[in-house]
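Peer 1: Input file: my_file_13.cif. Contents: mmCIF, C-alpha atoms.
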data_model
loop_
_atom_site.group_PDB
_atom_site.id
_atom_site.type_symbol
_atom_site.label_atom_id
_atom_site.label_comp_id
_atom_site.auth_asym_id
_atom_site.auth_seq_id
_atom_site.Cartn_x
_atom_site.Cartn_y
_atom_site.Cartn_z
ATOM 1 C CA MET A 839 16.920 -44.836 45.605
ATOM 2 C CA SER A 840 20.583 -45.811 45.398
ATOM 3 C CA TRP A 841 21.800 -48.970 43.693
ATOM 4 C CA PRO A 842 22.328 -51.732 46.295
ATOM 5 C CA ASP A 843 25.497 -53.577 47.221
ATOM 6 C CA LEU A 844 25.243 -57.007 45.548
ATOM 7 C CA ASN A 845 28.585 -58.471 46.593
ATOM 8 C CA VAL A 846 27.756 -62.166 47.066
ATOM 9 C CA ALA A 847 30.264 -62.474 49.905
ATOM 10 C CA ASN A 848 27.737 -60.562 52.007
ATOM 11 C CA TRP A 849 24.709 -62.771 51.221
ATOM 12 C CA ALA A 850 26.089 -66.057 49.895
ATOM 13 C CA GLY A 851 23.579 -68.304 51.668
ATOM 14 C CA THR A 852 20.518 -66.437 50.436
ATOM 15 C CA LYS A 853 21.971 -66.128 46.943
ATOM 16 C CA ARG A 854 22.492 -69.889 46.750
ATOM 17 C CA SER A 855 18.946 -70.631 47.865
ATOM 18 C CA LEU A 856 17.379 -68.000 45.618
ATOM 19 C CA HIS A 857 19.395 -69.245 42.644
ATOM 20 C CA LEU A 858 18.270 -72.835 43.190
ATOM 21 C CA TYR A 859 14.631 -71.773 43.601
ATOM 22 C CA ALA A 860 14.986 -69.912 40.293
ATOM 23 C CA GLN A 861 16.367 -73.097 38.734
ATOM 24 C CA MET A 862 13.214 -74.917 39.820
ATOM 25 C CA LEU A 863 11.091 -72.307 38.040
ATOM 26 C CA GLY A 864 13.300 -72.425 34.966
ATOM 27 C CA LYS A 865 13.065 -76.199 34.775
ATOM 28 C CA ILE A 866 9.263 -75.982 34.963
ATOM 29 C CA ARG A 867 9.247 -73.562 32.047
ATOM 30 C CA LEU A 868 11.716 -75.690 30.089
ATOM 31 C CA ALA A 869 9.574 -78.798 30.596
ATOM 32 C CA LEU A 870 6.298 -77.180 29.543
ATOM 33 C CA SER A 871 7.190 -74.623 26.876
ATOM 34 C CA PRO A 872 7.607 -75.443 23.178
ATOM 35 C CA PRO A 873 11.042 -74.587 21.765
ATOM 36 C CA GLN A 874 11.813 -71.048 20.637
ATOM 37 C CA PRO A 875 14.909 -69.634 18.915
ATOM 38 C CA ASN A 876 17.896 -68.956 21.157
ATOM 39 C CA TRP A 877 16.274 -70.773 24.109
ATOM 40 C CA MET A 878 13.810 -67.940 24.714
ATOM 41 C CA ASN A 879 11.309 -70.558 25.901
ATOM 42 C CA THR A 880 13.466 -71.166 28.984
ATOM 43 C CA ALA A 881 13.998 -67.635 30.316
ATOM 44 C CA LEU A 882 12.483 -66.141 33.449
ATOM 45 C CA TYR A 883 11.234 -62.579 33.845
ATOM 46 C CA LEU A 884 11.277 -59.994 36.593
ATOM 47 C CA THR A 885 8.114 -58.909 38.341
ATOM 48 C CA ALA A 886 7.564 -56.155 40.899
ATOM 49 C CA ARG A 887 7.839 -58.865 43.581
ATOM 50 C CA GLY A 888 10.443 -61.266 42.205
ATOM 51 C CA LEU A 889 10.561 -63.713 39.302
ATOM 52 C CA THR A 890 8.067 -65.456 37.038
ATOM 53 C CA THR A 891 7.988 -68.084 34.326
ATOM 54 C CA GLY A 892 5.263 -66.083 32.627
ATOM 55 C CA ILE A 893 2.319 -68.043 31.252
ATOM 56 C CA VAL A 894 3.337 -71.514 30.080
ATOM 57 C CA PRO A 895 1.004 -73.956 28.313
ATOM 58 C CA CYS A 896 -0.342 -77.130 29.952
ATOM 59 C CA GLU A 897 -2.307 -78.851 27.196
ATOM 60 C CA LEU A 898 -5.400 -76.591 26.901
ATOM 61 C CA SER A 899 -4.701 -74.733 30.148
ATOM 62 C CA SER A 900 -1.767 -72.737 31.493
ATOM 63 C CA LEU A 901 0.451 -72.329 34.515
ATOM 64 C CA GLU A 902 2.489 -69.504 35.990
ATOM 65 C CA ALA A 903 5.167 -70.126 38.599
ATOM 66 C CA ARG A 904 6.482 -67.205 40.645
ATOM 67 C CA ILE A 905 8.971 -66.386 43.385
ATOM 68 C CA ASP A 906 7.672 -63.628 45.651
ATOM 69 C CA VAL A 907 10.537 -62.166 47.686
ATOM 70 C CA TYR A 908 8.172 -60.072 49.819
ATOM 71 C CA ASP A 909 5.887 -62.937 50.830
ATOM 72 C CA SER A 910 8.870 -65.350 50.845
ATOM 73 C CA ALA A 911 7.015 -67.928 48.798
ATOM 74 C CA ILE A 912 6.961 -69.838 45.536
ATOM 75 C CA VAL A 913 3.491 -69.502 44.031
ATOM 76 C CA LEU A 914 1.946 -71.764 41.374
ATOM 77 C CA ASP A 915 -1.140 -70.347 39.638
ATOM 78 C CA HIS A 916 -3.206 -72.549 37.310
ATOM 79 C CA SER A 917 -5.633 -71.131 34.747
ATOM 80 C CA ASP A 918 -8.455 -73.130 36.350
ATOM 81 C CA GLY A 919 -8.185 -70.835 39.368
ATOM 82 C CA LYS A 920 -6.318 -73.231 41.642
ATOM 83 C CA GLN A 921 -3.214 -72.044 43.439
ATOM 84 C CA ARG A 922 -0.476 -73.581 45.537
ATOM 85 C CA ARG A 923 1.871 -71.566 47.757
ATOM 86 C CA ILE A 924 5.169 -73.005 48.970
ATOM 87 C CA ALA A 925 6.458 -71.078 51.985
ATOM 88 C CA LEU A 926 10.192 -70.395 52.079
ATOM 89 C CA LEU A 927 10.118 -69.477 55.762
ATOM 90 C CA PRO A 928 10.937 -70.954 58.185
ATOM 91 C CA VAL A 929 14.003 -71.800 56.116
ATOM 92 C CA ARG A 930 13.818 -75.247 54.537
ATOM 93 C CA THR A 931 16.335 -77.468 52.797
ATOM 94 C CA VAL A 932 16.522 -77.328 49.023
ATOM 95 C CA ALA A 933 15.314 -80.947 48.879
ATOM 96 C CA ASP A 934 12.247 -80.063 50.944
ATOM 97 C CA VAL A 935 11.342 -77.096 48.735
ATOM 98 C CA TYR A 936 11.880 -79.202 45.599
ATOM 99 C CA ALA A 937 9.664 -82.003 46.948
ATOM 100 C CA THR A 938 6.904 -79.548 47.840
ATOM 101 C CA VAL A 939 7.050 -77.875 44.417
ATOM 102 C CA THR A 940 6.834 -81.180 42.549
ATOM 103 C CA ALA A 941 3.998 -82.355 44.797
ATOM 104 C CA ALA A 942 2.122 -79.105 44.163
ATOM 105 C CA LEU A 943 2.430 -79.613 40.405
ATOM 106 C CA LYS A 944 0.834 -83.035 40.752
ATOM 107 C CA GLU A 945 -1.976 -81.572 42.859
ATOM 108 C CA LEU A 946 -2.623 -79.093 40.046
ATOM 109 C CA ASN A 947 -2.635 -81.961 37.507
ATOM 110 C CA VAL A 948 0.365 -80.502 35.699
ATOM 111 C CA ALA A 949 2.333 -83.278 34.003
ATOM 112 C CA CYS A 950 5.815 -81.897 34.399
ATOM 113 C CA PHE A 951 9.180 -83.495 35.173
ATOM 114 C CA VAL A 952 11.369 -80.993 37.022
ATOM 115 C CA SER A 953 14.905 -82.217 36.489
ATOM 116 C CA PRO A 954 16.737 -82.261 39.844
ATOM 117 C CA VAL A 955 20.173 -81.619 38.321
ATOM 118 C CA PRO A 956 21.330 -77.988 38.711
ATOM 119 C CA GLN A 957 22.707 -76.381 35.556
ATOM 120 C CA GLU A 958 25.624 -74.011 34.939
ATOM 121 C CA VAL A 959 26.753 -74.072 38.584
ATOM 122 C CA PRO A 960 29.880 -75.639 40.134
ATOM 123 C CA ASP A 961 27.876 -77.522 42.781
ATOM 124 C CA THR A 962 25.644 -80.031 41.008
ATOM 125 C CA THR A 963 24.211 -81.719 44.089
ATOM 126 C CA PRO A 964 20.748 -82.876 42.915
ATOM 127 C CA LEU A 965 17.926 -80.708 44.164
ATOM 128 C CA ASP A 966 16.002 -83.688 45.483
ATOM 129 C CA THR A 967 18.882 -84.871 47.701
ATOM 130 C CA ASP A 968 20.295 -81.515 48.847
ATOM 131 C CA ARG A 969 19.471 -81.639 52.563
ATOM 132 C CA ARG A 970 22.256 -79.369 53.738
ATOM 133 C CA PRO A 971 21.276 -76.482 56.038
ATOM 134 C CA SER A 972 20.051 -73.564 53.939
ATOM 135 C CA GLU A 973 19.877 -69.819 54.422
ATOM 136 C CA TYR A 974 17.235 -67.411 53.181
ATOM 137 C CA VAL A 975 17.025 -63.842 54.469
ATOM 138 C CA PRO A 976 14.101 -61.935 52.906
ATOM 139 C CA THR A 977 15.793 -58.528 53.035
ATOM 140 C CA GLU A 978 18.767 -59.930 51.112
ATOM 141 C CA ALA A 979 16.497 -61.380 48.422
ATOM 142 C CA GLN A 980 14.706 -58.034 48.223
ATOM 143 C CA ARG A 981 18.048 -56.254 47.801
ATOM 144 C CA TRP A 982 18.842 -58.610 44.904
ATOM 145 C CA LEU A 983 15.505 -57.688 43.297
ATOM 146 C CA HIS A 984 16.280 -53.991 43.710
ATOM 147 C CA GLY A 985 19.610 -54.436 41.888
ATOM 148 C CA PHE A 986 18.167 -56.484 39.046
ATOM 149 C CA THR A 987 15.177 -54.154 38.717
ATOM 150 C CA ALA A 988 17.392 -51.061 38.504
ATOM 151 C CA THR A 989 19.465 -52.764 35.816
ATOM 152 C CA ALA A 990 16.434 -53.914 33.831
ATOM 153 C CA ALA A 991 14.947 -50.417 33.955
ATOM 154 C CA VAL A 992 18.070 -49.035 32.250
ATOM 155 C CA TYR A 993 17.897 -51.819 29.662
ATOM 156 C CA GLU A 994 14.232 -51.086 28.995
ATOM 157 C CA ARG A 995 14.782 -47.393 28.375
ATOM 158 C CA TRP A 996 17.886 -48.036 26.295
ATOM 159 C CA ARG A 997 16.376 -50.615 23.926
ATOM 160 C CA SER A 998 13.574 -48.316 22.788
ATOM 161 C CA ARG A 999 15.889 -47.098 20.031
ATOM 162 C CA PHE A 1000 16.367 -50.589 18.529
ATOM 163 C CA PHE A 1001 14.047 -51.758 15.727
ATOM 164 C CA GLY A 1002 15.000 -55.450 15.710
ATOM 165 C CA ARG A 1003 14.041 -58.298 18.040
ATOM 166 C CA SER A 1004 15.172 -57.690 21.603
ATOM 167 C CA GLY A 1005 14.338 -58.828 25.108
ATOM 168 C CA ILE A 1006 15.221 -58.645 28.796
ATOM 169 C CA GLN A 1007 15.527 -62.007 30.488
ATOM 170 C CA VAL A 1008 16.736 -63.574 33.711
ATOM 171 C CA TRP A 1009 18.727 -66.659 32.793
ATOM 172 C CA TRP A 1010 18.405 -69.142 35.636
ATOM 173 C CA GLY A 1011 21.506 -71.157 34.771
ATOM 174 C CA ALA A 1012 24.068 -68.444 35.496
ATOM 175 C CA PHE A 1013 21.468 -66.244 37.257
ATOM 176 C CA ASP A 1014 22.072 -63.065 35.288
ATOM 177 C CA VAL A 1015 19.730 -60.404 33.947
ATOM 178 C CA ALA A 1016 20.465 -59.715 30.299
ATOM 179 C CA LEU A 1017 19.510 -57.513 27.382
ATOM 180 C CA ILE A 1018 19.828 -59.288 24.023
ATOM 181 C CA LEU A 1019 19.534 -57.675 20.587
ATOM 182 C CA PHE A 1020 19.180 -59.689 17.379
ATOM 183 C CA SER A 1021 20.026 -58.277 13.959
ATOM 184 C CA GLY A 1022 17.758 -60.827 12.257
ATOM 185 C CA LYS A 1023 20.559 -62.741 10.532
ATOM 186 C CA HIS A 1024 21.338 -66.437 10.936
ATOM 187 C CA VAL A 1025 24.971 -67.387 11.538
ATOM 188 C CA LYS A 1026 26.827 -70.650 11.897
ATOM 189 C CA PRO A 1027 27.062 -71.585 15.601
ATOM 190 C CA PRO A 1028 30.416 -72.559 17.137
ATOM 191 C CA SER A 1029 31.284 -76.232 16.859
ATOM 192 C CA ASP A 1030 33.240 -76.431 20.122
ATOM 193 C CA ARG A 1031 30.832 -74.885 22.663
ATOM 194 C CA GLY A 1032 28.440 -77.783 23.304
ATOM 195 C CA TYR A 1033 24.731 -78.436 22.878
ATOM 196 C CA LEU A 1034 23.415 -75.272 24.551
ATOM 197 C CA MET A 1035 25.514 -72.906 22.467
ATOM 198 C CA LYS A 1036 24.619 -74.740 19.260
ATOM 199 C CA TYR A 1037 21.130 -73.256 19.563
ATOM 200 C CA ASP A 1038 22.104 -70.115 21.474
ATOM 201 C CA LEU A 1039 24.754 -68.721 19.147
ATOM 202 C CA ASP A 1040 23.077 -69.416 15.799
ATOM 203 C CA ALA A 1041 22.084 -65.773 15.289
ATOM 204 C CA GLU A 1042 23.882 -62.466 14.956
ATOM 205 C CA LEU A 1043 23.407 -60.816 18.335
ATOM 206 C CA MET A 1044 24.584 -58.451 21.039
ATOM 207 C CA ASN A 1045 24.289 -59.427 24.693
ATOM 208 C CA VAL A 1046 24.774 -57.238 27.773
ATOM 209 C CA GLY A 1047 24.091 -58.558 31.249
ATOM 210 C CA LEU A 1048 24.667 -58.309 34.982
ATOM 211 C CA TYR A 1049 26.285 -61.375 36.538
ATOM 212 C CA LEU A 1050 26.331 -61.689 40.328
ATOM 213 C CA GLY A 1051 29.641 -63.494 40.639
ATOM 214 C CA ASP A 1052 30.372 -65.486 43.795
ATOM 215 C CA GLU A 1053 32.002 -65.152 47.200
ATOM 216 C CA LYS A 1054 35.415 -64.570 45.602
ATOM 217 C CA ASN A 1055 34.393 -62.578 42.530
ATOM 218 C CA ALA A 1056 32.478 -59.302 42.746
ATOM 219 C CA PRO A 1057 29.436 -58.764 40.474
ATOM 220 C CA PHE A 1058 30.063 -57.302 37.035
ATOM 221 C CA PHE A 1059 28.359 -56.277 33.849
ATOM 222 C CA PHE A 1060 29.388 -58.182 30.740
ATOM 223 C CA GLY A 1061 28.897 -57.626 27.045
ATOM 224 C CA TYR A 1062 29.727 -59.232 23.740
ATOM 225 C CA VAL A 1063 28.838 -59.275 20.072
ATOM 226 C CA TYR A 1064 28.463 -62.547 18.183
ATOM 227 C CA PRO A 1065 30.123 -63.293 15.829
ATOM 228 C CA GLN A 1066 32.984 -61.697 17.691
ATOM 229 C CA PRO A 1067 34.492 -58.714 15.825
ATOM 230 C CA HIS A 1068 38.079 -59.145 14.715
ATOM 231 C CA GLY A 1069 40.503 -57.780 17.292
ATOM 232 C CA ALA A 1070 37.788 -57.429 19.935
ATOM 233 C CA GLU A 1071 40.322 -57.809 22.719
ATOM 234 C CA ASN A 1072 42.068 -54.597 21.637
ATOM 235 C CA LEU A 1073 38.995 -52.400 21.242
ATOM 236 C CA LYS A 1074 38.516 -49.655 23.815
ATOM 237 C CA LEU A 1075 35.144 -49.084 25.447
ATOM 238 C CA GLN A 1076 33.548 -46.532 27.718
ATOM 239 C CA PRO A 1077 33.685 -45.991 30.606
ATOM 240 C CA ALA A 1078 37.436 -46.242 31.096
ATOM 241 C CA GLN A 1079 37.033 -48.977 33.731
ATOM 242 C CA ALA A 1080 35.616 -51.383 31.119
ATOM 243 C CA SER A 1081 38.056 -54.045 29.954
ATOM 244 C CA TRP A 1082 38.306 -57.199 27.876
ATOM 245 C CA SER A 1083 38.370 -60.521 29.744
ATOM 246 C CA MET A 1084 40.532 -63.069 27.974
ATOM 247 C CA GLN A 1085 39.028 -65.794 30.169
ATOM 248 C CA LEU A 1086 35.417 -64.970 29.229
ATOM 249 C CA SER A 1087 36.005 -63.477 25.758
ATOM 250 C CA GLU A 1088 33.699 -60.639 26.829
ATOM 251 C CA TRP A 1089 33.952 -57.024 27.864
ATOM 252 C CA ILE A 1090 33.354 -56.541 31.560
ATOM 253 C CA LEU A 1091 32.585 -53.586 33.817
ATOM 254 C CA PRO A 1092 32.548 -53.978 37.611
ATOM 255 C CA TYR A 1093 29.081 -53.475 39.047
ATOM 256 C CA ASP A 1094 30.485 -51.277 41.786
ATOM 257 C CA VAL A 1095 31.840 -48.856 39.165
ATOM 258 C CA VAL A 1096 28.238 -48.290 38.111
ATOM 259 C CA ARG A 1097 26.779 -48.403 41.611
ATOM 260 C CA THR A 1098 29.168 -45.842 43.109
ATOM 261 C CA SER A 1099 29.313 -43.436 40.171
ATOM 262 C CA LYS A 1100 27.667 -40.014 40.318
ATOM 263 C CA ASP A 1101 25.226 -41.130 37.613
ATOM 264 C CA PRO A 1102 24.873 -44.948 37.581
ATOM 265 C CA GLU A 1103 22.475 -45.018 34.618
ATOM 266 C CA ALA A 1104 24.728 -42.828 32.464
ATOM 267 C CA THR A 1105 27.726 -45.008 33.338
ATOM 268 C CA LEU A 1106 25.915 -48.200 32.371
ATOM 269 C CA VAL A 1107 24.494 -46.608 29.210
ATOM 270 C CA ALA A 1108 28.011 -45.586 28.160
ATOM 271 C CA PHE A 1109 29.052 -49.246 28.395
ATOM 272 C CA ILE A 1110 26.035 -50.441 26.383
ATOM 273 C CA ASP A 1111 26.465 -47.659 23.805
ATOM 274 C CA SER A 1112 30.115 -48.573 23.249
ATOM 275 C CA ILE A 1113 29.293 -52.207 22.526
ATOM 276 C CA TYR A 1114 26.294 -51.261 20.377
ATOM 277 C CA GLU A 1115 28.449 -48.970 18.248
ATOM 278 C CA LEU A 1116 30.763 -51.905 17.539
ATOM 279 C CA CYS A 1117 27.818 -53.767 15.996
ATOM 280 C CA PHE A 1118 27.859 -51.200 13.200
ATOM 281 C CA THR A 1119 31.523 -50.226 12.941
ATOM 282 C CA LYS A 1120 33.092 -53.665 13.426
ATOM 283 C CA ALA A 1121 30.385 -56.336 13.016
ATOM 284 C CA GLY A 1122 28.672 -54.988 9.899
ATOM 285 C CA TRP A 1123 25.135 -54.511 11.217
ATOM 286 C CA ASP A 1124 22.805 -52.315 9.164
ATOM 287 C CA ARG A 1125 22.380 -49.130 11.188
ATOM 288 C CA ALA A 1126 19.530 -47.707 9.121
ATOM 289 C CA ALA A 1127 17.534 -50.941 9.213
ATOM 290 C CA LEU A 1128 17.895 -51.426 12.978
ATOM 291 C CA SER A 1129 17.455 -47.865 14.238
ATOM 292 C CA TYR A 1130 14.067 -46.782 15.551
ATOM 293 C CA ASP A 1131 12.732 -43.265 15.892
ATOM 294 C CA THR A 1132 10.447 -43.551 18.902
ATOM 295 C CA PRO A 1133 7.073 -41.772 18.844
ATOM 296 C CA HIS A 1134 7.050 -38.417 20.569
ATOM 297 C CA ARG A 1135 4.884 -38.298 23.651
ATOM 298 C CA ARG A 1136 2.025 -35.903 23.251
ATOM 299 C CA ALA A 1137 1.938 -33.075 25.731
ATOM 300 C CA ARG A 1138 -0.965 -33.089 28.156
ATOM 301 C CA THR A 1139 -3.522 -30.377 27.608
#
Could you show the structure in this file as structure tokens?
Peer 2:
Amino acid sequence: MSWPDLNVANWAGTKRSLHLYAQMLGKIRLALSPPQPNWMNTALYLTARGLTTGIVPCELSSLEARIDVYDSAIVLDHSDGKQRRIALLPVRTVADVYATVTAALKELNVACFVSPVPQEVPDTTPLDTDRRPSEYVPTEAQRWLHGFTATAAVYERWRSRFFGRSGIQVWWGAFDVALILFSGKHVKPPSDRGYLMKYDLDAELMNVGLYLGDEKNAPFFFGYVYPQPHGAENLKLQPAQASWSMQLSEWILPYDVVRTSKDPEATLVAFIDSIYELCFTKAGWDRAALSYDTPHRRART
């Protein structure tokens, strides 16, 4: 299968709805999960059918909230066997979906306040009052899943060589799918980046992700190392189309460069490899300690 076109200009309405549904899931996980380093307790994860919170604790029971882009539904599964399904078709307003989700939580006896304030988006209209006409086209949501799944598959194969803590998450604030590597060292977080970054950037790390952009900005891959290596803006990466963004203080690579290349995985891997190499040559990571020799698969007999 080829990598799909993810230009938001072609599916802006569905992207907005899907992003806000993901925020509802993320806020459920944030409300129920105990804190973890680097906000790992707030991330969402891909499934073969969409997104999930994973299992989150509810006193002595648990809950999983999912978006299923093939059934066009938000699904809440409780460990007592009860389930609630919130249909996304016919298309409903964001406020209606939010009200149904919060009502379903009460029906499942899940004590959970789902904050109605969207995060990390320009439009902060509260979820519970957003009654503007919405769009949701299932095939567009499925195309999004295809793009994120293809990206995550490359991340998964690539990270097998890394011995430290790593993970692949969907971050519902910016709505990106990211691969994060941690060297295991604590660092002093920045003092001018706000509350979120105080607990996000308190570890030596490398982050590579796919950001969808918006109607005016095409999707792109991003990458950075924290703490930022000296002279990062002048360092050259592969492939040649990768560049340093002064606005973001990150390296970026247009998604379409990967999508339209003869070998999309090799093109993306070249970008990840270039940033990873900087961890050792410029950021002082311990190559021997963090490299992993994967087990050889035994031949079938």
Peer 1: List the residues selected by the PyMOL selection byres ((chain A and resi 1003) around 8) in the file shown, writing them as a ChimeraX atom specification.
Peer 2: /A:1001-1002,1004-1005,1019-1022
Peer 1: Could I get the residues of segment 908-998 of chain A with an atom no further than 12 Å from an atom of segment 1082-1096 of chain A, each paired with its nearest atom pair and that distance in Å to one decimal, using only C-alpha atoms, sorted by chain and residue number, as JSON lines?
Peer 2:
{"residue": "A:Gly985", "atom": "CA", "partner": "A:Tyr1093", "partner_atom": "CA", "distance": 9.9}
{"residue": "A:Phe986", "atom": "CA", "partner": "A:Tyr1093", "partner_atom": "CA", "distance": 11.3}
{"residue": "A:Ala988", "atom": "CA", "partner": "A:Val1096", "partner_atom": "CA", "distance": 11.2}
{"residue": "A:Thr989", "atom": "CA", "partner": "A:Val1096", "partner_atom": "CA", "distance": 10.1}
{"residue": "A:Val992", "atom": "CA", "partner": "A:Val1096", "partner_atom": "CA", "distance": 11.8}
Peer 1: As a list of chain:residue names, please: the residues near segment 1116-1121 of chain A (cut-off 9 Å, only C-alpha atoms, same-chain neighbours under 5 positions excluded).
Peer 2: A:Leu1043, A:Met1044, A:Val1063, A:Tyr1064, A:Pro1065, A:Gln1066, A:Pro1067, A:His1068, A:Ala1070, A:Asp1111
Peer 1: Looking at all atoms listed in the file, which of A:Leu1128, A:Ala925, A:Leu1050, A:Val939 is the one that sits closest to Asn845 of chain A?
Peer 2: A:Leu1050
Peer 1: Expand the PyMOL selection byres ((chain A and resi 931) around 9) into the individual residues it matches in the shown file, reporting them as a list in words.
Peer 2: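 After applying the PyMOL selection byres ((chain A and resi 931) around 9), what remains is Ser855, Val929, Arg930, Val932, Ala933, Asp934, Val935, Tyr936, Asp968, Arg969, Arg970, Pro971, Ser972 and Glu973 of chain A.
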Peer 1: How many Å lie between atom CA of Ser1081 of chain A and atom CA of Pro960 of chain A, rounded to one decimal?
Peer 2: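 Rounded to one decimal, the two atoms are 25.2 Å apart.
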Peer 1: Which is closest to Glu994 of chain A among A:Cys950, A:Ala881, A:Ile1006, A:Ala979, if we use all atoms listed in the file?
Peer 2: A:Ile1006
Peer 1: Check what the PyMOL selection byres ((chain A and resi 1109) around 9) selects in the file above and give those residues as a PyMOL selection string.
Peer 2: chain A and resi 1059+1061+1075-1077+1080+1091+1104-1108+1110-1114
Peer 1: Tell me which of A:Met1035, A:Ala1012, A:Ala1078, A:Val948 sits closest to Cys896 of chain A, counting all atoms listed in the file.
Peer 2: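 Closest residue, counting all atoms listed in the file: A:Val948.
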Peer 1: Just want the 12 Å neighbourhood of Lys865 of chain A, counted on only C-alpha atoms, with same-chain residues fewer than 2 positions away dropped. Output as a PDB file with C-alpha atoms, in the coordinates of the input.
Peer 2:
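Below is the file around.pdb, written as the result:
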ATOM      1  CA  LEU A 858      18.270 -72.835  43.190  1.00  0.00           C
ATOM      2  CA  TYR A 859      14.631 -71.773  43.601  1.00  0.00           C
ATOM      3  CA  ALA A 860      14.986 -69.912  40.293  1.00  0.00           C
ATOM      4  CA  GLN A 861      16.367 -73.097  38.734  1.00  0.00           C
ATOM      5  CA  MET A 862      13.214 -74.917  39.820  1.00  0.00           C
ATOM      6  CA  LEU A 863      11.091 -72.307  38.040  1.00  0.00           C
ATOM      7  CA  ARG A 867       9.247 -73.562  32.047  1.00  0.00           C
ATOM      8  CA  LEU A 868      11.716 -75.690  30.089  1.00  0.00           C
ATOM      9  CA  ALA A 869       9.574 -78.798  30.596  1.00  0.00           C
ATOM     10  CA  LEU A 870       6.298 -77.180  29.543  1.00  0.00           C
ATOM     11  CA  SER A 871       7.190 -74.623  26.876  1.00  0.00           C
ATOM     12  CA  ASN A 879      11.309 -70.558  25.901  1.00  0.00           C
ATOM     13  CA  THR A 880      13.466 -71.166  28.984  1.00  0.00           C
ATOM     14  CA  ALA A 881      13.998 -67.635  30.316  1.00  0.00           C
ATOM     15  CA  LEU A 882      12.483 -66.141  33.449  1.00  0.00           C
ATOM     16  CA  THR A 891       7.988 -68.084  34.326  1.00  0.00           C
ATOM     17  CA  VAL A 894       3.337 -71.514  30.080  1.00  0.00           C
ATOM     18  CA  ALA A 903       5.167 -70.126  38.599  1.00  0.00           C
ATOM     19  CA  TYR A 936      11.880 -79.202  45.599  1.00  0.00           C
ATOM     20  CA  VAL A 939       7.050 -77.875  44.417  1.00  0.00           C
ATOM     21  CA  THR A 940       6.834 -81.180  42.549  1.00  0.00           C
ATOM     22  CA  CYS A 950       5.815 -81.897  34.399  1.00  0.00           C
ATOM     23  CA  PHE A 951       9.180 -83.495  35.173  1.00  0.00           C
ATOM     24  CA  VAL A 952      11.369 -80.993  37.022  1.00  0.00           C
ATOM     25  CA  SER A 953      14.905 -82.217  36.489  1.00  0.00           C
ATOM     26  CA  PRO A 954      16.737 -82.261  39.844  1.00  0.00           C
ATOM     27  CA  VAL A 955      20.173 -81.619  38.321  1.00  0.00           C
ATOM     28  CA  PRO A 956      21.330 -77.988  38.711  1.00  0.00           C
ATOM     29  CA  GLN A 957      22.707 -76.381  35.556  1.00  0.00           C
ATOM     30  CA  LEU A 965      17.926 -80.708  44.164  1.00  0.00           C
ATOM     31  CA  TRP A1009      18.727 -66.659  32.793  1.00  0.00           C
ATOM     32  CA  TRP A1010      18.405 -69.142  35.636  1.00  0.00           C
ATOM     33  CA  GLY A1011      21.506 -71.157  34.771  1.00  0.00           C
TER      34      GLY A1011
END
